[in-house]
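Asker: Have a look at the structure that comes next, please.
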Number of protein chains: 2
Amino acid sequence: MAEQAETLRRTPLNRDRILRAAVTLADGAGIESLSMRNLAQELGVVPMALYKHVANKDELLDGMIDVVVGEIEPLTPGVGWQPAIRRRVLSARQVLRRHPWASLAIESRSAATPAVLGYLDSMIGALRAGGLSADLTHHVMHALGSRILGFSQELFDASRQAGRTGPTTPAPPAPLPPEVAARFPHVAEIATAAAHDTGTVVGAGCDDQFEFEFALDLLLDGIERLRARGWTSAH
Amino acid sequence: MAEQAETLRRTPLNRDRILRAAVTLADGAGIESLSMRNLAQELGVVPMALYKHVANKDELLDGMIDVVVGEIEPLTPGVGWQPAIRRRVLSARQVLRRHPWASLAIESRSAATPAVLGYLDSMIGALRAGGLSADLTHHVMHALGSRILGFSQELFDASRQAGRTGPTTPAPPAPLPPEVAARFPHVAEIATAAAHDTGTVVGAGCDDQFEFEFALDLLLDGIERLRARGWTSAH
DNA sequence: ATTGACAGGTGTACGGCGTACACCTACCGT
DNA sequence: ACGGTAGGTGTACGCCGTACACCTGTCAAT
């Protein structure tokens, strides 16, 4: 009876359940506390049980990436290449904001997973359909770089200055400490410059979404100009 | 005597020697084999000895980053903002190609180190001196993103498909496997499209340097256009 | 010359990690 | 009824970062 209840209580554990649990764990507790042991415990199972469904931790991470990439919405049909790409990249960005660990995970993998390749493939298809030459498309993919997957490094975010905060505290506005401002005057000026709509005086964080779209449009507009000019490699 | 010889043989170990050894080890054997134990052995010392000079492994990594950033050549004075930035970013890129582990290390740190902040600061100074408004400069820093530190994610490099190669094998040209090409036709087309000057037929890797400069100039030109227009945030 | 503080290298040990390997057990087609 | 197999278990190994107690050589003040 008790055993039967227990048998019913947990679904028999499969690759999908493992991946979803891993993503949830990484989202909630941070990627650094995603260990095979923790994950197994979360699933009410002994660590080695996981290895019957994923080859090793690297493959687990690949699977998690695929889950995340799968959340990106498909290309909108029937619009120009520029809005189509734009929308999808911004969708990717939303997804990656839900899974902050994913960008680093994607970058640190040595090879793209099939899901990532599929994503890139459809993106390239949209560019080609939009009239970009194969050559230009190639360069464009490089130029967009990681932005095409919805993330760009926030290494300019000087307000991440203080000791690392756990993944539970997403990002408190954190004003620039005065001693830092004194040592790096230009950084200080810039940090406060674009505190757009937020009314707070002491250089509250900038509008990340605006920054992302600014860079994206800068690139997209430049690309469109090249395309309209019938760009071919002068290389 | 023997002890005296031994005493002479090894310089008394200081933070600088540790950092340089760590960088060398990471360059040569890959960041994944940089452990406190390995590093200590390399220095002919017991692991715990390192902790008299660096607080912990995170601080060691910060120090390594500072060493790398310190190798980037300073701003060229007396030229316009655009070539000045361009030169320095390309210098940063050269440095990061010598230390392939560094880009991921920089990204994974939660806060910028003082050396990185100083680097960004001087970069911002050059933009401001070039006539960009503080506001525009802010956006520009975001737009350039990690490229300003000399790296962009190579996640489009589909030829990194096969099993991970050790850091000793830098990047064999590795043609796109046919089954991958079949599944991702657009990727395949693009991968072969821009095999520029290299004469090899089977889609040898693309010219990374060209790609990097293409993206960089796309951004720089777009920025210059904004500046010339007297850009102010229409936000 | 003696001492005592202190900088810096050593040794041991702990808890956590990924995972190899042998094992058990429940089910299923014959 | 039974052997194979899929899937969960338990133990163990070798790594990791690092806390903590210890030793030793140097040098300033006595």
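Ordered as shown in the structure tokens, chains take letters A, B, and onward, while each chain numbers its residues from 1 and ligands are numbered from 1 in the order shown.
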Show me, as a list in words, every residue of chain B with an atom at most 12 Å from chain D, counting only C-alpha atoms (C1' of nucleotides).
Answerer: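 Every residue meeting the condition is included here: Thr7, Glu32, Ser33, Leu34, Ser35, Met36, Arg37, Asn38, Pro47, Met48, Ala49, Leu50, Tyr51, Ala55, Asn56, Lys57 and Asp58 of chain B.
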Asker: Residues of the last selection are to be written out with N, CA and C atoms, as a PDB file, in the first residue's frame.
Answerer:
```
ATOM      1  N   THR B   7      66.599  27.008  -2.069  1.00  0.00           N
ATOM      2  CA  THR B   7      66.112  28.337  -1.706  1.00  0.00           C
ATOM      3  C   THR B   7      66.334  29.316  -2.853  1.00  0.00           C
ATOM      4  N   GLU B  32      39.993  24.818 -17.942  1.00  0.00           N
ATOM      5  CA  GLU B  32      39.380  23.751 -17.146  1.00  0.00           C
ATOM      6  C   GLU B  32      40.429  22.955 -16.361  1.00  0.00           C
ATOM      7  N   SER B  33      41.684  23.060 -16.755  1.00  0.00           N
ATOM      8  CA  SER B  33      42.699  22.366 -15.954  1.00  0.00           C
ATOM      9  C   SER B  33      43.495  23.344 -15.088  1.00  0.00           C
ATOM     10  N   LEU B  34      42.938  24.503 -14.891  1.00  0.00           N
ATOM     11  CA  LEU B  34      43.534  25.419 -13.925  1.00  0.00           C
ATOM     12  C   LEU B  34      42.889  25.187 -12.575  1.00  0.00           C
ATOM     13  N   SER B  35      43.532  24.370 -11.752  1.00  0.00           N
ATOM     14  CA  SER B  35      43.053  24.178 -10.386  1.00  0.00           C
ATOM     15  C   SER B  35      44.127  24.691  -9.449  1.00  0.00           C
ATOM     16  N   MET B  36      43.733  24.998  -8.249  1.00  0.00           N
ATOM     17  CA  MET B  36      44.710  25.481  -7.276  1.00  0.00           C
ATOM     18  C   MET B  36      45.826  24.451  -7.124  1.00  0.00           C
ATOM     19  N   ARG B  37      45.471  23.199  -7.186  1.00  0.00           N
ATOM     20  CA  ARG B  37      46.465  22.139  -7.028  1.00  0.00           C
ATOM     21  C   ARG B  37      47.446  22.115  -8.196  1.00  0.00           C
ATOM     22  N   ASN B  38      46.901  22.153  -9.423  1.00  0.00           N
ATOM     23  CA  ASN B  38      47.782  22.161 -10.592  1.00  0.00           C
ATOM     24  C   ASN B  38      48.694  23.381 -10.595  1.00  0.00           C
ATOM     25  N   PRO B  47      49.540  23.448  -2.451  1.00  0.00           N
ATOM     26  CA  PRO B  47      48.361  24.246  -2.821  1.00  0.00           C
ATOM     27  C   PRO B  47      48.046  25.388  -1.864  1.00  0.00           C
ATOM     28  N   MET B  48      48.064  25.105  -0.592  1.00  0.00           N
ATOM     29  CA  MET B  48      47.639  26.119   0.365  1.00  0.00           C
ATOM     30  C   MET B  48      48.553  27.342   0.414  1.00  0.00           C
ATOM     31  N   ALA B  49      49.736  27.200  -0.136  1.00  0.00           N
ATOM     32  CA  ALA B  49      50.659  28.340  -0.146  1.00  0.00           C
ATOM     33  C   ALA B  49      50.081  29.496  -0.944  1.00  0.00           C
ATOM     34  N   LEU B  50      49.311  29.161  -1.974  1.00  0.00           N
ATOM     35  CA  LEU B  50      48.739  30.200  -2.833  1.00  0.00           C
ATOM     36  C   LEU B  50      47.827  31.135  -2.046  1.00  0.00           C
ATOM     37  N   TYR B  51      47.178  30.555  -1.037  1.00  0.00           N
ATOM     38  CA  TYR B  51      46.181  31.337  -0.309  1.00  0.00           C
ATOM     39  C   TYR B  51      46.801  32.418   0.567  1.00  0.00           C
ATOM     40  N   ALA B  55      43.080  35.540  -2.179  1.00  0.00           N
ATOM     41  CA  ALA B  55      42.074  35.170  -1.179  1.00  0.00           C
ATOM     42  C   ALA B  55      41.424  33.829  -1.511  1.00  0.00           C
ATOM     43  N   ASN B  56      41.108  33.631  -2.762  1.00  0.00           N
ATOM     44  CA  ASN B  56      40.445  32.400  -3.184  1.00  0.00           C
ATOM     45  C   ASN B  56      40.509  32.315  -4.700  1.00  0.00           C
ATOM     46  N   LYS B  57      39.888  31.303  -5.256  1.00  0.00           N
ATOM     47  CA  LYS B  57      40.030  31.110  -6.697  1.00  0.00           C
ATOM     48  C   LYS B  57      39.374  32.226  -7.512  1.00  0.00           C
ATOM     49  N   ASP B  58      38.266  32.739  -7.017  1.00  0.00           N
ATOM     50  CA  ASP B  58      37.612  33.846  -7.722  1.00  0.00           C
ATOM     51  C   ASP B  58      38.548  35.049  -7.833  1.00  0.00           C
TER      52      ASP B  58
END
```
Asker: Please identify every residue of chain C that has at least one atom no farther than 12 Å from an atom of chain B, counting only C-alpha atoms (C1' of nucleotides), and for each give the shortest atom pair and the distance in Å to one decimal, arranged by chain then increasing number, as a tab-separated table.
Answerer:
```
residue	atom	partner	partner_atom	distance
C:DA7	C1'	B:Lys52	CA	9.1
C:DG8	C1'	B:Lys52	CA	6.9
C:DG9	C1'	B:Ala49	CA	5.7
C:DT10	C1'	B:Val46	CA	7.0
C:DG11	C1'	B:Val46	CA	9.3
C:DT12	C1'	B:Met48	CA	11.4
```
Asker: Just the selected residues (C-alpha atoms (C1' of nucleotides)), exported as a CSV table (one decimal), in the first residue's frame, please.
Answerer:
```csv
chain,number,residue,atom,x,y,z
C,7,DA,C1',55.2,36.6,7.1
C,8,DG,C1',54.9,32.8,4.5
C,9,DG,C1',55.2,27.8,3.3
C,10,DT,C1',53.3,22.9,5.0
C,11,DG,C1',50.1,18.9,6.1
C,12,DT,C1',45.9,17.2,7.2
```
